[in-house]
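Novice: Please read through the structure below; I'll follow up with questions.
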Amino acid sequence: MPMRDTARGTPAIAVEGLHKRFGATHALRGLDLTVPVGTVCGLLGPNGAGKTTAVRVLATLVAPDAGHARVAGFDVVREADAVRRRIGLAGQHAAVEEGITGRDNLYLLGRLHHLGSAAARRRADELLERFDLAEAAHRLVRTYSGGMRRRLDLVASLITQPPVLFLDEPTTGLDPRSRGDIWDTVRELAATGTTVLLTTQYLDEADRLADDIAVMDRGQVIASGPPERLKASIGIRVEVAVRDAAHLGTAAGVLARLTGGEPAADPVARRLGVVTAPGRTVSLPHLVRELDAAGVVALDASLRPPSLDDVFLALTGDGAAARTATTSGEAVR
Ligand code: ATP
């Protein structure tokens, strides 16, 4: 079990008014964040929002210019050593040794962290087994896929059984299957009571893993809460493809009436999209019946959670910030 030396009721992560500048860039502008012990917090935001900087401050890798942050009950500036002993960090770039096996990577890390030889071996085997890497344990890391390296890196951050784990965009650039494997690993970790702060550009990732989501933009948290509440506060994206471009206007009228939103039309693709007003429920059969009644032939109709762009549009009225994060298409799913 992870170390539980955090006093009952004290959050695992408590951040108040953090500021950090890099020259002219104001990366953090008064960041506030509270993560209760044993929960997974998804820090969601587009490129440049300040997610990595927040994690680096919390992991004691850079000092803030102003504000306070406590991790596992200790101040990240005044008690940096105590914080370091209680955290794990894994990120976008797997920091594992290529020329040795997965098992040796974990064994050596264990030794580095002052485990005895037998204990280091035991811990390595236990982690490889638990996180489904046993089969690859004796292969050189050089032969691992990107997803396996990332998982080994994640597992390596658990050698010391830290009560608080930072995962900085753990699945960016991975294929869907590897993303799924990482998600399983994070879920497994969370089930053991580890507090996880996970940064991501993917709403679906935060949605699947996090107890709470904090949406960051330009160095601040602009909205936070459980995923369901956050999404409900934004609405559901409704999309319709019509057979005839001439029907777009009529279809837009139906969509506006049902959703309480303003549909945007793409005449070339003959598609319409709109996010429902908060709290408004729309069912697919009802939508299709209403389109039918209005004489619109729909080729396709779908309801899905809002994309990151939708979230940003709803929260800031400015989707441009999110657009940088959604260049891969996958990011908006
Ligand atoms: P990404 O999703 O791209 O990782 P992010 O939300 O993690 O983005 P940060 O990496 O924290 O964002 O960057 C926030 C801002 O601070 C950006 O404008 C970035 O260019 C800038 N920045 C971060 N680190 C440094 C640094 N060491 N020197 C100069 N500028 C920096």
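Here's how to read the names in the structure tokens: chain A, B, ... by the order shown, residue numbers from 1 in each chain, ligand numbers from 1 in the order shown.
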Please, which residues have at least one atom within 10 Å of an atom of ligand 1, using only C-alpha atoms and all ligand atoms, listed as a PyMOL selection string?
Specialist: chain A and resi 20-28+43-57+62+92+168-169+172+199-201+216-219+324-325
Novice: Which residues are near Gly73 in chain A? Cut-off 7 Å, only C-alpha atoms, ignore same chain within fewer than 2 positions. Put them as a PyMOL selection string.
Specialist: chain A and resi 6+10+12+70-71+75
Novice: Write out, as a PDB file, in the first residue's frame, the residues just selected, with C-alpha atoms.
Specialist:
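Result saved to part_7.pdb:
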```pdb
ATOM      1  CA  THR A   6      -1.143  12.647   5.053  1.00  0.00           C
ATOM      2  CA  THR A  10      -5.676  17.265   4.478  1.00  0.00           C
ATOM      3  CA  ALA A  12      -3.107  15.356  -1.166  1.00  0.00           C
ATOM      4  CA  ARG A  70       1.414  21.639  -0.595  1.00  0.00           C
ATOM      5  CA  VAL A  71       1.774  18.040  -1.696  1.00  0.00           C
ATOM      6  CA  ASP A  75       5.248  22.784   1.130  1.00  0.00           C
TER       7      ASP A  75
END
```
Novice: Within 8 Å of range 293-297 of chain A, counting only C-alpha atoms, which residues show up once you throw out same-chain ones fewer than 2 positions away? Write them as a list in words, please.
Specialist: Val242, Arg243, Asp244, His247, Thr250, Ala251, Val254, Arg289, Glu290, Leu291 and Leu299 of chain A
Novice: Enumerate, in order of chain and increasing residue number, the residues of range 199-279 of chain A with an atom no farther than 8 Å from range 30-34 of chain A, each with its shortest atom pair and distance in Å to one decimal, counting only C-alpha atoms, as a tab-separated table.
Specialist:
```
residue	atom	partner	partner_atom	distance
A:Ala214	CA	A:Leu33	CA	7.8
A:Gly219	CA	A:Leu31	CA	6.5
A:Gln220	CA	A:Leu31	CA	4.9
A:Val221	CA	A:Leu31	CA	6.2
```
Novice: Of the candidates A:Met148, A:Leu203, A:Leu109, A:Ala72, which shows the shortest atom-to-atom distance to Thr185 in chain A, using only C-alpha atoms?
Specialist: A:Met148
Novice: So how far away is CA of Thr194 in chain A from CA of Ala137 in chain A, in Å?
Specialist: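 If I compute the distance from CA of Ala137 in chain A to CA of Thr194 in chain A, I get 24.0 Å.
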Novice: Quick one: pull the distance between CA of Leu18 in chain A and CA of Gly173 in chain A, Å, one decimal.
Specialist: 28.9 Å
Novice: Residues near Pro36 in chain A, anyone? I mean within 9 Å using only C-alpha atoms, not counting same-chain ones fewer than 2 positions away, as a VMD selection string.
Specialist: chain A and resid 9 to 14 34 38 to 41 195
Novice: Write to file, as a JSON list (two decimals), in the first residue's frame, the residues of the selection just made, with all heavy atoms.
Specialist:
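Once everything was written out, this is result.json:
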```
[["chain", "number", "residue", "atom", "x", "y", "z"],
["A", 9, "GLY", "N", -8.15, 14.36, 6.21],
["A", 9, "GLY", "CA", -8.80, 15.63, 5.89],
["A", 9, "GLY", "C", -7.91, 16.59, 5.14],
["A", 9, "GLY", "O", -8.39, 17.47, 4.46],
["A", 10, "THR", "N", -6.58, 16.40, 5.23],
["A", 10, "THR", "CA", -5.68, 17.26, 4.48],
["A", 10, "THR", "C", -5.67, 16.80, 3.03],
["A", 10, "THR", "O", -5.48, 15.61, 2.77],
["A", 10, "THR", "CB", -4.24, 17.14, 5.03],
["A", 10, "THR", "OG1", -4.27, 17.41, 6.42],
["A", 10, "THR", "CG2", -3.30, 18.12, 4.35],
["A", 11, "PRO", "N", -5.87, 17.71, 2.09],
["A", 11, "PRO", "CA", -5.85, 17.26, 0.70],
["A", 11, "PRO", "C", -4.46, 16.75, 0.30],
["A", 11, "PRO", "O", -3.45, 17.18, 0.86],
["A", 11, "PRO", "CB", -6.20, 18.51, -0.11],
["A", 11, "PRO", "CG", -6.49, 19.59, 0.85],
["A", 11, "PRO", "CD", -6.10, 19.15, 2.22],
["A", 12, "ALA", "N", -4.40, 15.84, -0.68],
["A", 12, "ALA", "CA", -3.11, 15.36, -1.17],
["A", 12, "ALA", "C", -2.38, 16.48, -1.89],
["A", 12, "ALA", "O", -1.16, 16.58, -1.85],
["A", 12, "ALA", "CB", -3.32, 14.19, -2.11],
["A", 13, "ILE", "N", -3.14, 17.31, -2.58],
["A", 13, "ILE", "CA", -2.55, 18.45, -3.30],
["A", 13, "ILE", "C", -3.40, 19.68, -2.99],
["A", 13, "ILE", "O", -4.63, 19.64, -3.12],
["A", 13, "ILE", "CB", -2.53, 18.20, -4.82],
["A", 13, "ILE", "CG1", -1.72, 16.95, -5.15],
["A", 13, "ILE", "CG2", -1.98, 19.42, -5.57],
["A", 13, "ILE", "CD1", -1.83, 16.49, -6.60],
["A", 14, "ALA", "N", -2.76, 20.74, -2.53],
["A", 14, "ALA", "CA", -3.48, 21.98, -2.24],
["A", 14, "ALA", "C", -2.69, 23.14, -2.83],
["A", 14, "ALA", "O", -1.56, 23.39, -2.42],
["A", 14, "ALA", "CB", -3.64, 22.15, -0.73],
["A", 34, "THR", "N", -7.41, 21.87, -5.61],
["A", 34, "THR", "CA", -7.42, 20.99, -4.43],
["A", 34, "THR", "C", -7.73, 19.58, -4.89],
["A", 34, "THR", "O", -8.71, 19.36, -5.60],
["A", 34, "THR", "CB", -8.50, 21.44, -3.42],
["A", 34, "THR", "OG1", -8.25, 22.80, -3.08],
["A", 34, "THR", "CG2", -8.45, 20.60, -2.15],
["A", 38, "GLY", "N", -6.50, 10.07, -2.41],
["A", 38, "GLY", "CA", -7.09, 8.86, -3.00],
["A", 38, "GLY", "C", -7.96, 9.11, -4.21],
["A", 38, "GLY", "O", -8.64, 8.20, -4.68],
["A", 39, "THR", "N", -7.93, 10.32, -4.74],
["A", 39, "THR", "CA", -8.74, 10.59, -5.94],
["A", 39, "THR", "C", -7.85, 10.84, -7.15],
["A", 39, "THR", "O", -6.66, 11.08, -7.03],
["A", 39, "THR", "CB", -9.65, 11.83, -5.75],
["A", 39, "THR", "OG1", -8.83, 13.00, -5.62],
["A", 39, "THR", "CG2", -10.53, 11.68, -4.51],
["A", 40, "VAL", "N", -8.46, 10.77, -8.33],
["A", 40, "VAL", "CA", -7.76, 11.08, -9.58],
["A", 40, "VAL", "C", -8.29, 12.42, -10.08],
["A", 40, "VAL", "O", -9.50, 12.59, -10.25],
["A", 40, "VAL", "CB", -8.02, 10.01, -10.66],
["A", 40, "VAL", "CG1", -7.30, 10.38, -11.95],
["A", 40, "VAL", "CG2", -7.59, 8.64, -10.17],
["A", 41, "CYS", "N", -7.38, 13.37, -10.27],
["A", 41, "CYS", "CA", -7.78, 14.68, -10.80],
["A", 41, "CYS", "C", -7.24, 14.81, -12.23],
["A", 41, "CYS", "O", -6.05, 14.59, -12.46],
["A", 41, "CYS", "CB", -7.22, 15.79, -9.92],
["A", 41, "CYS", "SG", -7.51, 17.43, -10.62],
["A", 195, "THR", "N", -3.11, 8.87, -4.94],
["A", 195, "THR", "CA", -3.71, 10.09, -5.48],
["A", 195, "THR", "C", -3.00, 10.39, -6.80],
["A", 195, "THR", "O", -1.77, 10.38, -6.87],
["A", 195, "THR", "CB", -3.48, 11.28, -4.51],
["A", 195, "THR", "OG1", -4.01, 10.92, -3.23],
["A", 195, "THR", "CG2", -4.17, 12.54, -5.03]]
```
Novice: Rounded to one decimal place, report the CA of Arg229 in chain A-CA of Leu197 in chain A distance in Å.
Specialist: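 These atoms are spaced 19.0 Å apart.
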Novice: Contacts of range 157-166 of chain A at 6 Å or less, counting only C-alpha atoms, minus same-chain residues fewer than 5 places along, as a VMD selection string?
Specialist: chain A and resid 2 to 3 86 to 89 194 to 198
Novice: Near Leu108 in chain A, counting only C-alpha atoms, which residues have an atom at most 12 Å away, once you skip same-chain residues fewer than 3 positions from it, shown as a count of residues only?
Specialist: 23
Novice: From the DSSP assignment of the backbone, select every residue of range 199-269 of chain A that is strand (DSSP E), and format the answer as an MDAnalysis selection string.
Specialist: chainID A and resid 199:200 212:217 220:225 237:242 264:266
Novice: Any chance you could list, as a ChimeraX atom specification, the residues in range 228-267 of chain A that come up alpha helix (DSSP H) when DSSP is run on the backbone?
Specialist: /A:228-232,248-259
